[in-house]
Amino acid sequence: MAEMFDALEPAHEQALTAAPVFFVTTAAPQGRINLSPKGMDTLRVLSPSQIAYLDLTGSGNETAAHVLVDDRITLMICSFGRNALILRVYGHARSVKPQAAEWQDLHERFGQFPGVRQIFVIDIDAVQTSCGYAVPQMELIAERETLVKWTESKGEEGMIEYRELKNTVSIDRLPTGLNS
């Protein structure tokens with residue numbers, strides 16, 4: 001049975017912290033809905049009413065584009081362990097870029113990752129838990145090293161060029177704000 005909460009409870013914080021993967025969903029008023037998996041220990045609980053995740057350079061930048069026109073966001077985790085759980089966090093997101101005044105304080109909460117693009121801060125409106133009984137029980141074998149190796153091989157100049165080419169507009173041609 002699903003339950004709704006106004007903010008994160010301690011058990012929710014533990015589940016978010018333990019999750020090896022989370023999913024982020026955003027949408028603009030028109031165009032495609034974006035659903036992206038995230039991992040690599042890039043999610044942090046800032047308070048019972050706020051979470052953040054470190055956004056690494058990838059093939060697109062849909063979340064940034066969507067948040068500029070409609071800041072609604074849903075983050076979801078599934079427990080793949082012994083205890084079944086689905087946890088959704090509903091809220092409003094904003095992108096914090098490296099040149100922002102609050103960048104340093106936020107960035108210090110995360111480990112060092114190459115290819116950092118921005119941090120998304122999510123102000124929580126509601127939290128929902130549900131059973132997750134249909135989610136399979138699985139085991140994490142290892143984190144993938146591919147993104148880190150790819151980013152390091154490009155170097156900082158290569159990453160700037162890649163972001164200019166692939167991350168400044170969404171697949172629906174919406175600006176991502178990466179150049180601003």
# chains A, B, ... in the order shown; residues from 1 in each chain; ligands from 1

$ select_by_dssp --residues "stretch 61-123 of chain A" --states "strand (DSSP E)" --output "count of residues only"
26

$ select_by_dssp --residues "chain A" --states "alpha helix (DSSP H)" --output "PyMOL selection string"
chain A and resi 10-18+62-69+103-107+146-166

$ closest_atom_pairs --of "stretch 77-127 of chain A" --to "stretch 157-174 of chain A" --cutoff "12 Å" --atoms "only C-alpha atoms" --output "Markdown table"
| residue | atom | partner | partner_atom | distance |
| --- | --- | --- | --- | --- |
| A:Pro114 | CA | A:Met159 | CA | 9.6 |
| A:Gly115 | CA | A:Met159 | CA | 6.9 |
| A:Val116 | CA | A:Met159 | CA | 9.7 |
| A:Arg117 | CA | A:Arg163 | CA | 8.7 |
| A:Gln118 | CA | A:Asn167 | CA | 11.7 |

$ closest_residue --among "A:Thr57, A:Thr151, A:Asn83, A:Thr63" --to "A:Gly132" --atoms "only C-alpha atoms"
A:Asn83

$ closest_residue --among "A:Thr129, A:Gln50, A:Thr176, A:Thr42" --to "A:Arg109" --atoms "only C-alpha atoms"
A:Thr42

$ closest_residue --among "A:Phe110, A:Thr26, A:Glu139, A:Lys97" --to "A:Asp70" --atoms "only C-alpha atoms"
A:Thr26

$ residues_around --residues "A:Cys131" --least-positions-apart "6" --cutoff "9 Å" --atoms "only C-alpha atoms" --output "list in words"
Met1, Ala2, Ala84, Leu85, Ile86 and Leu87 of chain A

$ closest_residue --among "A:Ala126, A:Leu147, A:Ala7, A:Leu75" --to "A:Leu35" --atoms "only C-alpha atoms"
A:Leu75

$ atom_distance --atom1 "atom CA of A:Leu8" --atom2 "atom CA of A:Ser47"
8.0 Å

$ closest_residue --among "A:His12, A:Arg44, A:Lys38, A:Arg82" --to "A:Val135" --atoms "only C-alpha atoms"
A:Arg82

$ residues_around --residues "A:Val69" --least-positions-apart "3" --cutoff "10 Å" --atoms "only C-alpha atoms" --output "ChimeraX atom specification"
/A:27-29,64-66,72,174-176

$ residues_around --residues "A:Val21" --least-positions-apart "3" --cutoff "12 Å" --atoms "only C-alpha atoms" --output "JSON list (two decimals) with N, CA and C atoms, in the first residue's frame"
[["chain", "number", "residue", "atom", "x", "y", "z"],
["A", 15, "ALA", "N", 17.39, 4.69, 2.79],
["A", 15, "ALA", "CA", 17.15, 4.01, 1.52],
["A", 15, "ALA", "C", 17.79, 4.77, 0.36],
["A", 16, "LEU", "N", 17.67, 6.09, 0.36],
["A", 16, "LEU", "CA", 18.28, 6.90, -0.70],
["A", 16, "LEU", "C", 19.80, 6.78, -0.66],
["A", 17, "THR", "N", 20.36, 6.83, 0.50],
["A", 17, "THR", "CA", 21.82, 6.75, 0.66],
["A", 17, "THR", "C", 22.35, 5.38, 0.22],
["A", 18, "ALA", "N", 21.59, 4.33, 0.47],
["A", 18, "ALA", "CA", 22.03, 2.97, 0.14],
["A", 18, "ALA", "C", 21.80, 2.59, -1.33],
["A", 24, "VAL", "N", 15.68, 9.66, -12.59],
["A", 24, "VAL", "CA", 15.20, 11.03, -12.58],
["A", 24, "VAL", "C", 14.27, 11.23, -13.77],
["A", 36, "SER", "N", 16.00, 9.25, -16.78],
["A", 36, "SER", "CA", 17.44, 8.95, -16.79],
["A", 36, "SER", "C", 17.86, 8.18, -15.56],
["A", 37, "PRO", "N", 18.62, 7.09, -15.75],
["A", 37, "PRO", "CA", 19.22, 6.40, -14.61],
["A", 37, "PRO", "C", 20.49, 7.12, -14.19],
["A", 38, "LYS", "N", 20.76, 7.15, -12.92],
["A", 38, "LYS", "CA", 21.96, 7.78, -12.36],
["A", 38, "LYS", "C", 22.58, 6.83, -11.34],
["A", 39, "GLY", "N", 23.87, 6.94, -11.15],
["A", 39, "GLY", "CA", 24.54, 6.09, -10.18],
["A", 39, "GLY", "C", 25.83, 6.73, -9.71],
["A", 40, "MET", "N", 26.80, 5.91, -9.37],
["A", 40, "MET", "CA", 28.14, 6.34, -8.98],
["A", 40, "MET", "C", 28.18, 7.20, -7.71],
["A", 41, "ASP", "N", 27.32, 6.91, -6.77],
["A", 41, "ASP", "CA", 27.32, 7.63, -5.48],
["A", 41, "ASP", "C", 27.23, 9.14, -5.67],
["A", 42, "THR", "N", 26.27, 9.57, -6.46],
["A", 42, "THR", "CA", 26.12, 10.99, -6.78],
["A", 42, "THR", "C", 24.87, 11.62, -6.18],
["A", 43, "LEU", "N", 24.21, 10.96, -5.25],
["A", 43, "LEU", "CA", 23.00, 11.48, -4.61],
["A", 43, "LEU", "C", 23.28, 11.80, -3.15],
["A", 53, "TYR", "N", 21.80, 16.00, -6.51],
["A", 53, "TYR", "CA", 22.64, 15.01, -7.16],
["A", 53, "TYR", "C", 23.62, 15.69, -8.09],
["A", 75, "LEU", "N", 12.21, 11.86, -8.60],
["A", 75, "LEU", "CA", 13.36, 10.97, -8.43],
["A", 75, "LEU", "C", 12.82, 9.69, -7.81],
["A", 76, "MET", "N", 13.28, 8.54, -8.31],
["A", 76, "MET", "CA", 12.79, 7.26, -7.80],
["A", 76, "MET", "C", 13.95, 6.31, -7.55],
["A", 77, "ILE", "N", 13.84, 5.56, -6.47],
["A", 77, "ILE", "CA", 14.73, 4.43, -6.24],
["A", 77, "ILE", "C", 13.88, 3.18, -6.08],
["A", 78, "CYS", "N", 14.48, 2.05, -6.40],
["A", 78, "CYS", "CA", 13.89, 0.74, -6.14],
["A", 78, "CYS", "C", 14.89, -0.03, -5.30],
["A", 79, "SER", "N", 14.43, -0.74, -4.33],
["A", 79, "SER", "CA", 15.31, -1.63, -3.60],
["A", 79, "SER", "C", 15.40, -2.93, -4.37],
["A", 80, "PHE", "N", 16.62, -3.31, -4.71],
["A", 80, "PHE", "CA", 16.84, -4.58, -5.37],
["A", 80, "PHE", "C", 17.34, -5.62, -4.37],
["A", 139, "GLU", "N", 21.71, -8.34, -7.35],
["A", 139, "GLU", "CA", 22.93, -8.03, -6.63],
["A", 139, "GLU", "C", 23.81, -7.10, -7.47],
["A", 140, "LEU", "N", 24.34, -6.07, -6.84],
["A", 140, "LEU", "CA", 25.28, -5.17, -7.51],
["A", 140, "LEU", "C", 26.63, -5.89, -7.60],
["A", 142, "ALA", "N", 29.39, -4.53, -9.60],
["A", 142, "ALA", "CA", 30.42, -3.49, -9.56],
["A", 142, "ALA", "C", 29.90, -2.24, -10.24],
["A", 143, "GLU", "N", 30.50, -1.11, -9.88],
["A", 143, "GLU", "CA", 30.23, 0.13, -10.61],
["A", 143, "GLU", "C", 30.96, 0.05, -11.95],
["A", 144, "ARG", "N", 30.40, 0.64, -12.98],
["A", 144, "ARG", "CA", 31.08, 0.69, -14.28],
["A", 144, "ARG", "C", 32.13, 1.80, -14.23]]
